[in-house]
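Note sheet for the following structure.
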Amino acid sequence: MLGRSKMPTTSPNEQKKVVEKTQDPLRRLGVLDDEDVRVMMQGSSMVKVRSSRWQKSRTLRLLEDGLTVWCESTKSSRKAKAQQTFAVTEVECVREGCQSEALRRLSGSVPESRCFTVVFRGARKSLDLLCPSEEEAQRWVRGIRTLKERVANMTQKEKLDHWIRGYLRRADQNQDGKMSYDEVKRLLQMINIDLSEQYARSLFKKCDRSCDGRLDHIEIEEFCRELMRRPELDSVFRHYSSNGCVLSTAELRDFLGDQSEDASLLHAQSLIRTYELNDWAQRNQFMTQNGFTMYMLSLENDVFNPDHGRVYQDMSLPLAHYYISSSHNTYLTKDQVTSASSAEPYIRALNQGCRCVELDCWDGDKGEPVIYHGHTLTSKVPFKEVIETICQYAFKASPYPLILSLENHCSVEQQSVMAKHLRTILGSKLVIKPLPDQPLKDLPSPEELRGRILVKGKKETPHLGQLGKTGSYASFSSSSDDELASSKKEPGKVVSSKLSPELSELVVYCRSVPFRGFDDPADKPANEMSSFSESDALKHIKDSGKLFVRHNSRQLSRIYPSGQRLQSSNYDPQEMWNGGCQMVALNFQTPGEQMDLNQGRFLPNGRCGYVMKPGFLRSATSNFNPENTGGGPGHIPTQLTIRIISAQQLPKINTDKASSIVDPQVWVEIHGVAIDNSRDKTHRIDNNGFNPRWDCTLSFQLQVPELALVRFVVEDHDHTAKNDFVGQFTLPFTSLRTGYRHVHLLKADGSRLSPATLFIHVKVSRKGVPIKTVSERIGLAKGKA
């Protein structure tokens, strides 16, 4: 079906059915009368562009589900077929005009108004397209954006309905709107559930009220309702309902109280108005079982505290008091030896809230510096192009300051060119002198530097207080400012020793200096910062943890991966955060556990890329030692109990094998100080990715909960090989909500694995006493400190 570009010949009655089936998903999406979407469904002939030499005519068409775009392909490989369609949910954004690298190079030779780029989440390459007319390009741009917005606003129930209906259409092999038992069995395999033959047949017969061996539209609806029943939610409902039929306002308030939520009469009534679909129940202020299910599936019941989804922390403290989302070798698309250098990874990193990006600068042709990983086979991208990209995307995801970490290998002449581009392209966003009326003893705050861009590098100036009074020369390095003295650690990273005054002037608050030890901390200017390799940082944490914490309360520290990580793998960032290090730079292009932790760490505070460090990591006199936390600051012995109840709609991993069904098991991991690090798992459920149920309780003892991250991981169990990754979700313990919650799982690349969820119950207690909210727990601890 996905490969067809034309509808098969049908009779008038069949055509009417096809039209109705096509309209059904569009009606549910609320775009039935949208002209842009209509044009997308009719299909358009476009030119797919990769370079000036590679341009191929392709047909694109929106499929009947209203969410999938089919793109014509001449390739027959399995990978090519997988790339032949894309879901609107996979689209990061749509860029109008010549804004990609390939289209920029064609700028002037193609009409910009007829071009657009579809940018995907994760590692999938962007799609550059040239339309026959400006109007058609605009219709596709607006259409994709409209569908993206509609999907983003869908409730979890709507997502589930749309998901199951999509599979129904694919399972209906002869497209007659009815389903035989064999087609139902095919549907069950598609949605990752292996029902026993006896149960599948009994369910089929129960729904086949017409007794003709085929389920019609209404019977299919009933079959799906039976499949999607949530007995575990029904059980929670019955626990609070005195009559088992409805929840009174008082009973709903009891439930909300146990969930540590607003248990006021007004809030309970508001929930009934929002989620209860039965008119009688609404009028009489009751919540039925269906209304309760709708509420429990909504984002209001997400495990992540919704109050933390906005900027809620104090942003007026010095920069050194925050963790800062930081990227290493930002320009690389994959490994450090042969992969492409590009401006695209900067867009991806910035859109994820990254606030420190790296630029590895070398002399280029015609006097223009380039960015690439020196002395390797990685390709080159013009410095100017990267700065233009950064200027455009710097503050789309976060308004707070962006730090450019320049690793300079350029001649003095091309350093001057770099300085010119920085000034002319970034303009007033670029910080070129200290802020007026800014106390010199501390760094400015993220709020004071809102919308500004800082340059990090060496600067031969005496102190912050004398900035601007004397001319100076500078060299820049991003990875380590001890590299001149210890370049043997990373061969090929020889930093320029000839200095450019124009570039030096741009270094204001992030002056790179070699680390000189922990002596005389009060004498170190606040604008001086050092970079540490992962091994050096770990040595300081283990040998001088308390002193390193104090150092990081006032000075910025940047940690970078070992130069031996040729495949762009990542180190464990948690150990660095435990020591108060702010700029823990990771390879954003490499998915895995370390990037999951990074995404979880910066999930709260509106994903703005700045998260306030705990108080015991912000004090210059702190006694916190990450290697010995017993009884010290931040020590709040806490028990976390998580009951993994069930999962819903887990995807099939082995899509090549129709009969393959997931055997899921769930890991819960704690990442924090060494004594808190722990993991435990449920048993596996054989052959059920649709609605597996565990009812398995896992308990964890935490000593320093304010530093802990909680990671949920779902795997497909394998007897003979390593378990396959299915999905995960990571969040700070301080953003974890107690009670019955849904965990919305993410893919390996960090994008949504919709509609896959876990259903869990969370309980937190301190010395046996239940603590309902994190703020209450921390408040109690501070009161006894």
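Ordered as shown in the structure tokens, chains take letters A, B, and onward, while each chain numbers its residues from 1 and ligands are numbered from 1 in the order shown.
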Near Leu566 (chain A), within 8 Å and counting only C-alpha atoms, which residues show up once chain neighbours fewer than 6 positions away are dropped, as a PyMOL selection string?
chain A and resi 335-337
Please provide as a list in words all residues within 7 Å of region 413-417 of chain A, with the sequence filter that same-chain residues fewer than 6 positions apart are discarded (counting only C-alpha atoms).
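Close residues of region 413-417 of chain A: Asp363, Gly367, Glu368, Pro369, Ser500, Glu502 and Leu503 of chain A.
The environment of Thr424 (chain A) within 12 Å, counting only C-alpha atoms and disregarding residues fewer than 5 places along the same chain, consists of Lys384, Ile387, Glu388, Cys391, Val417, Met418, Ala419, Lys429 and Leu430 of chain A.
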Could you write out that same residue set with N, CA and C atoms as a PDB file, in the first residue's frame?
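Below is the file that was written, out.pdb:
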```pdb
ATOM      1  N   LYS A 384      32.007  31.117   8.268  1.00  0.00           N
ATOM      2  CA  LYS A 384      30.976  32.137   8.088  1.00  0.00           C
ATOM      3  C   LYS A 384      29.587  31.508   8.041  1.00  0.00           C
ATOM      4  N   ILE A 387      28.470  30.535  11.557  1.00  0.00           N
ATOM      5  CA  ILE A 387      28.085  31.697  12.368  1.00  0.00           C
ATOM      6  C   ILE A 387      26.725  32.234  11.918  1.00  0.00           C
ATOM      7  N   GLU A 388      26.467  32.216  10.606  1.00  0.00           N
ATOM      8  CA  GLU A 388      25.150  32.648  10.113  1.00  0.00           C
ATOM      9  C   GLU A 388      24.051  31.725  10.635  1.00  0.00           C
ATOM     10  N   CYS A 391      23.549  32.401  14.363  1.00  0.00           N
ATOM     11  CA  CYS A 391      22.818  33.657  14.552  1.00  0.00           C
ATOM     12  C   CYS A 391      21.318  33.449  14.374  1.00  0.00           C
ATOM     13  N   VAL A 417      39.698  37.564  10.261  1.00  0.00           N
ATOM     14  CA  VAL A 417      38.495  37.320   9.461  1.00  0.00           C
ATOM     15  C   VAL A 417      37.392  36.737  10.350  1.00  0.00           C
ATOM     16  N   MET A 418      37.783  35.809  11.228  1.00  0.00           N
ATOM     17  CA  MET A 418      36.814  35.238  12.173  1.00  0.00           C
ATOM     18  C   MET A 418      36.180  36.333  13.020  1.00  0.00           C
ATOM     19  N   ALA A 419      37.019  37.228  13.543  1.00  0.00           N
ATOM     20  CA  ALA A 419      36.521  38.317  14.387  1.00  0.00           C
ATOM     21  C   ALA A 419      35.558  39.218  13.614  1.00  0.00           C
ATOM     22  N   LYS A 429      24.046  41.094  19.389  1.00  0.00           N
ATOM     23  CA  LYS A 429      23.929  39.901  20.249  1.00  0.00           C
ATOM     24  C   LYS A 429      25.273  39.566  20.898  1.00  0.00           C
ATOM     25  N   LEU A 430      26.365  39.931  20.228  1.00  0.00           N
ATOM     26  CA  LEU A 430      27.707  39.557  20.690  1.00  0.00           C
ATOM     27  C   LEU A 430      28.145  40.447  21.853  1.00  0.00           C
TER      28      LEU A 430
END
```
Please run DSSP on the backbone and report, as a VMD selection string, all residues within region 213-311 of chain A that come out as strand (DSSP E or B).
chain A and resid 214 to 215 246 to 247 287 to 288 302 304
Serialized selection, N, CA and C atoms, as an mmCIF file, in the first residue's frame:
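Saved the output as out.cif:
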```cif
data_model
loop_
_atom_site.group_PDB
_atom_site.id
_atom_site.type_symbol
_atom_site.label_atom_id
_atom_site.label_comp_id
_atom_site.auth_asym_id
_atom_site.auth_seq_id
_atom_site.Cartn_x
_atom_site.Cartn_y
_atom_site.Cartn_z
ATOM 1 N N ARG A 214 -17.249 -11.844 9.531
ATOM 2 C CA ARG A 214 -16.505 -10.616 9.209
ATOM 3 C C ARG A 214 -17.006 -9.492 10.110
ATOM 4 N N LEU A 215 -16.059 -8.687 10.561
ATOM 5 C CA LEU A 215 -16.419 -7.561 11.421
ATOM 6 C C LEU A 215 -16.635 -6.317 10.566
ATOM 7 N N VAL A 246 -19.369 5.613 39.232
ATOM 8 C CA VAL A 246 -18.919 7.003 39.064
ATOM 9 C C VAL A 246 -18.087 7.414 40.267
ATOM 10 N N LEU A 247 -17.297 8.472 40.071
ATOM 11 C CA LEU A 247 -16.594 9.134 41.180
ATOM 12 C C LEU A 247 -17.356 10.412 41.511
ATOM 13 N N MET A 287 -17.676 11.853 37.741
ATOM 14 C CA MET A 287 -16.731 11.407 36.717
ATOM 15 C C MET A 287 -16.938 9.920 36.496
ATOM 16 N N THR A 288 -17.239 9.547 35.251
ATOM 17 C CA THR A 288 -17.432 8.136 34.916
ATOM 18 C C THR A 288 -16.080 7.468 34.674
ATOM 19 N N ASP A 302 1.214 13.063 33.594
ATOM 20 C CA ASP A 302 2.566 12.661 33.215
ATOM 21 C C ASP A 302 3.441 12.545 34.466
ATOM 22 N N PHE A 304 6.402 13.490 34.730
ATOM 23 C CA PHE A 304 7.218 14.702 34.831
ATOM 24 C C PHE A 304 6.350 15.862 35.316
#
```
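Between CA of Leu350 (chain A) and CA of Asp596 (chain A) the interatomic distance comes to 16.5 Å.
Counting only C-alpha atoms and comparing A:Ala585, A:Val303, A:Leu758, A:Ile371, the residue that lies closest to Thr734 (chain A) is A:Val303.
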Surrounding residues of Asp208 (chain A) excluding itself and chain neighbours under 6 positions, 12 Å, only C-alpha atoms, as number ranges by chain
A: 178-181, 184, 201-202, 214-223
